[in-house]
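Structure first, commentary second.
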Amino acid sequence: MSKHRHTEPPSDLVLRVKALESLLLEKGLVDAAALDILIDTYENKVGPRNGAKVVARAWADPAYKTRLLADATTAIAEFGFVGRQGEDMLVVENTPGIHNLTVCTLCSCYPWPVLGLPPVWYKAAPYRSRAVHDPRGVLREFGLELPEDVEIRVWDSTAELRYLVLPERPTGTESFSEDELASLVTRDAMIGVAKATAPDGTAGANT
Amino acid sequence: MPALLAKDTTAQLRKGGSARVATEVPAKFAPGDRVVVRNLNPPGHTRAPRYIRCKTGTIDRDHGVFVFPDTHAHGKGSSPQHVYSVRFAAREVWGNDASPRDAIYIDLWDDYLDPSQE
């Protein structure tokens with residue numbers, strides 16, 4: 001019996017993307033090399049490791065943290081993290097009594113220079129509608145149960161400001177270097193759906 | 001429309017395109033002011049989410065002057081005006097099933113807001 005090898009046709013979505021790309025190229029609206037640079041930038045160069053460096057410095061250097069909370073755009077630019085979807089930044093600080101959560105209910109606004117492109121769930125209707133309506137339920141689904149006496153502040157970034165959450169520094173990390181601290185900071189902690197945790201799993205004060 | 005060329009791409013990404021403008025416009029509100037979101041239902045573009053219309057909140061901070069998307073998106077001018085972070089209690093927006101502690105902060109333009117009569 002001969003073994004046929006078939007090539008499955010690509011999915012509808014892949015076909016649609018390919019069709020769009022060839023149209024844009026044929027009409028001269030897109031430069032293929034520019035497209036490669038855009039993809040390379042957000043696949044390989046710009047992502048949540050940028051934001052983690054900002055958070056780690058804020059934990060390690062009180063003067064930097066003061067600058068970051070007073071004028072986030074300028075303080076983040078000290079790292080060279082600037083540009084599209086990060087033109088006007090605000091950093092909101094988690095404390096033992098306050099937990100911040102970010103969402104864009106109207107679309108998918110997100111601070112690209114520090115976090116890269118948003119995850120699919122961040123752009124999806126369930127997260128966008130429920131983050132403002134039932135933040136405690138959403139956080140519970142992410143595995144984060146917050147006590148009733150912690151105030152949750154949901155930041156709906158429907159205008160021109162882009163938000164980054166400054167998580168609480170995990171306890172027991174006093175001797176950590178800035179690089180070691182940065183390794184504890186996840187994308188989800190900077191969106192506000194998680195906490196930063198030490199390697200042994202301990203987080204900040206309000207867990 | 002000319003294509004974005006490879007040689008300009010990285011510079012364009014780093015430059016970005018802020019909607020903040022240097023125009024001096026008087027602010028209608030100050031931090032601490034109580035405001036109510038207008039009952040706006042425009043047929044076109046707006047950044048006032050429906051769930052916040054007619055709700056009362058407090059100006060938390062003034063972000064400065066920005067282009068107004070509702071007119072700008074339709075080629076009717078940039079109408080620069082102040083954008084504020086406005087704090088709404090979760091219970092004001094969702095009723096008494098919501099947490100008494102939680103709050104929503106939304107960035108809203110002057111033209112979305114009236115002084116609260118409360």
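Order determines the names: the first chain of the structure tokens is A, the second B, and so forth; residues in each chain are numbered 1 upward, and ligands are numbered 1 upward as they are shown.
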Exercise. Provide as JSON, numbers by chain the residues of chain A at most 10 Å from chain B, counting only C-alpha atoms.
Key: {"A": [24, 25, 27, 28, 29, 30, 31, 32, 33, 34, 35, 36, 37, 38, 41, 80, 81, 82, 83, 84, 85, 86, 87, 88, 90, 98, 99, 100, 101, 102, 104, 105, 106, 113, 129, 131, 132, 133, 134, 135, 136, 148, 149, 150, 151, 152, 153, 154, 155, 156, 157, 158, 159, 160, 161]}
Exercise. Can you pull out every residue within 12 Å of A:Asp188, counting only C-alpha atoms, but drop anything in the same chain fewer than 4 positions away, and send it as an NGL selection string?
Key: :A and (48-49 or 51-52 or 100-103 or 115 or 118-119 or 121-122 or 139 or 142-144 or 164-167 or 184 or 192-197)
File of the preceding selection, C-alpha atoms, as a PDB file, in the first residue's frame:
ATOM      1  CA  PRO A  48       8.093  42.456  28.471  1.00  0.00           C
ATOM      2  CA  ARG A  49      11.795  42.087  29.334  1.00  0.00           C
ATOM      3  CA  GLY A  51       9.266  46.533  31.311  1.00  0.00           C
ATOM      4  CA  ALA A  52      10.927  44.109  33.733  1.00  0.00           C
ATOM      5  CA  ASN A 100      -3.858  47.955  40.003  1.00  0.00           C
ATOM      6  CA  LEU A 101      -5.217  46.220  36.907  1.00  0.00           C
ATOM      7  CA  THR A 102      -5.039  47.526  33.323  1.00  0.00           C
ATOM      8  CA  VAL A 103      -7.444  46.966  30.429  1.00  0.00           C
ATOM      9  CA  LEU A 115       5.528  45.124  27.072  1.00  0.00           C
ATOM     10  CA  PRO A 118      -0.573  42.336  23.825  1.00  0.00           C
ATOM     11  CA  PRO A 119      -1.447  38.683  24.442  1.00  0.00           C
ATOM     12  CA  TRP A 121      -6.663  37.259  25.849  1.00  0.00           C
ATOM     13  CA  TYR A 122      -5.965  40.948  26.522  1.00  0.00           C
ATOM     14  CA  LEU A 139      -8.047  37.863  38.995  1.00  0.00           C
ATOM     15  CA  PHE A 142      -5.640  34.081  36.856  1.00  0.00           C
ATOM     16  CA  GLY A 143      -4.963  32.448  40.245  1.00  0.00           C
ATOM     17  CA  LEU A 144      -4.864  35.639  42.274  1.00  0.00           C
ATOM     18  CA  LEU A 164       2.316  49.907  33.356  1.00  0.00           C
ATOM     19  CA  VAL A 165       1.734  48.358  36.774  1.00  0.00           C
ATOM     20  CA  LEU A 166       4.647  48.554  39.212  1.00  0.00           C
ATOM     21  CA  PRO A 167       4.207  45.307  41.193  1.00  0.00           C
ATOM     22  CA  LEU A 184      11.048  37.891  38.792  1.00  0.00           C
ATOM     23  CA  GLY A 192      -1.845  43.516  36.930  1.00  0.00           C
ATOM     24  CA  VAL A 193      -3.315  40.012  36.582  1.00  0.00           C
ATOM     25  CA  ALA A 194      -0.523  38.498  38.691  1.00  0.00           C
ATOM     26  CA  LYS A 195       2.015  39.398  41.325  1.00  0.00           C
ATOM     27  CA  ALA A 196       5.759  39.295  41.075  1.00  0.00           C
ATOM     28  CA  THR A 197       6.985  36.367  43.125  1.00  0.00           C
TER      29      THR A 197
END
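We find atom CA of A:Glu145 and atom CA of A:Gly116 to be spaced 26.8 Å apart.
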Exercise. Could you pull out the residues in stretch 2-59 of chain B that DSSP calls alpha helix (DSSP H) from the backbone, as a PyMOL selection string?
Key: chain B and resi 6-15
Quiz prompt | Neighbour list for stretch 177-182 of chain A as a PyMOL selection string, cut-off 7 Å, only C-alpha atoms, skip fewer than 4 positions in-chain | solution = chain A and resi 52-53+56-57+60
Would you save the residues of that selection, restricted to all heavy atoms, as a PDB file, in the first residue's frame?
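Now in part.pdb:
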ATOM      1  N   ALA A  52      10.347  44.728  32.540  1.00  0.00           N
ATOM      2  CA  ALA A  52      10.927  44.109  33.733  1.00  0.00           C
ATOM      3  C   ALA A  52      12.165  44.875  34.203  1.00  0.00           C
ATOM      4  O   ALA A  52      12.415  45.015  35.405  1.00  0.00           O
ATOM      5  CB  ALA A  52      11.278  42.652  33.442  1.00  0.00           C
ATOM      6  N   LYS A  53      12.933  45.399  33.237  1.00  0.00           N
ATOM      7  CA  LYS A  53      14.118  46.194  33.612  1.00  0.00           C
ATOM      8  C   LYS A  53      13.700  47.479  34.324  1.00  0.00           C
ATOM      9  O   LYS A  53      14.340  47.913  35.286  1.00  0.00           O
ATOM     10  CB  LYS A  53      14.938  46.545  32.363  1.00  0.00           C
ATOM     11  CG  LYS A  53      15.695  45.364  31.789  1.00  0.00           C
ATOM     12  CD  LYS A  53      16.472  45.787  30.553  1.00  0.00           C
ATOM     13  CE  LYS A  53      17.085  44.556  29.886  1.00  0.00           C
ATOM     14  NZ  LYS A  53      17.413  44.800  28.484  1.00  0.00           N
ATOM     15  N   ALA A  56      12.526  46.521  37.857  1.00  0.00           N
ATOM     16  CA  ALA A  56      13.653  46.133  38.718  1.00  0.00           C
ATOM     17  C   ALA A  56      14.424  47.369  39.187  1.00  0.00           C
ATOM     18  O   ALA A  56      14.816  47.462  40.356  1.00  0.00           O
ATOM     19  CB  ALA A  56      14.576  45.173  37.969  1.00  0.00           C
ATOM     20  N   ARG A  57      14.595  48.335  38.284  1.00  0.00           N
ATOM     21  CA  ARG A  57      15.319  49.543  38.704  1.00  0.00           C
ATOM     22  C   ARG A  57      14.516  50.333  39.725  1.00  0.00           C
ATOM     23  O   ARG A  57      15.071  50.856  40.690  1.00  0.00           O
ATOM     24  CB  ARG A  57      15.666  50.431  37.511  1.00  0.00           C
ATOM     25  CG  ARG A  57      16.424  51.686  37.946  1.00  0.00           C
ATOM     26  CD  ARG A  57      17.346  52.245  36.926  1.00  0.00           C
ATOM     27  NE  ARG A  57      18.254  51.254  36.381  1.00  0.00           N
ATOM     28  CZ  ARG A  57      18.954  51.428  35.264  1.00  0.00           C
ATOM     29  NH1 ARG A  57      18.844  52.574  34.594  1.00  0.00           N
ATOM     30  NH2 ARG A  57      19.752  50.491  34.815  1.00  0.00           N
ATOM     31  N   ALA A  60      15.085  48.761  42.980  1.00  0.00           N
ATOM     32  CA  ALA A  60      16.448  48.842  43.497  1.00  0.00           C
ATOM     33  C   ALA A  60      16.871  50.276  43.802  1.00  0.00           C
ATOM     34  O   ALA A  60      17.758  50.502  44.619  1.00  0.00           O
ATOM     35  CB  ALA A  60      17.423  48.210  42.496  1.00  0.00           C
TER      36      ALA A  60
END
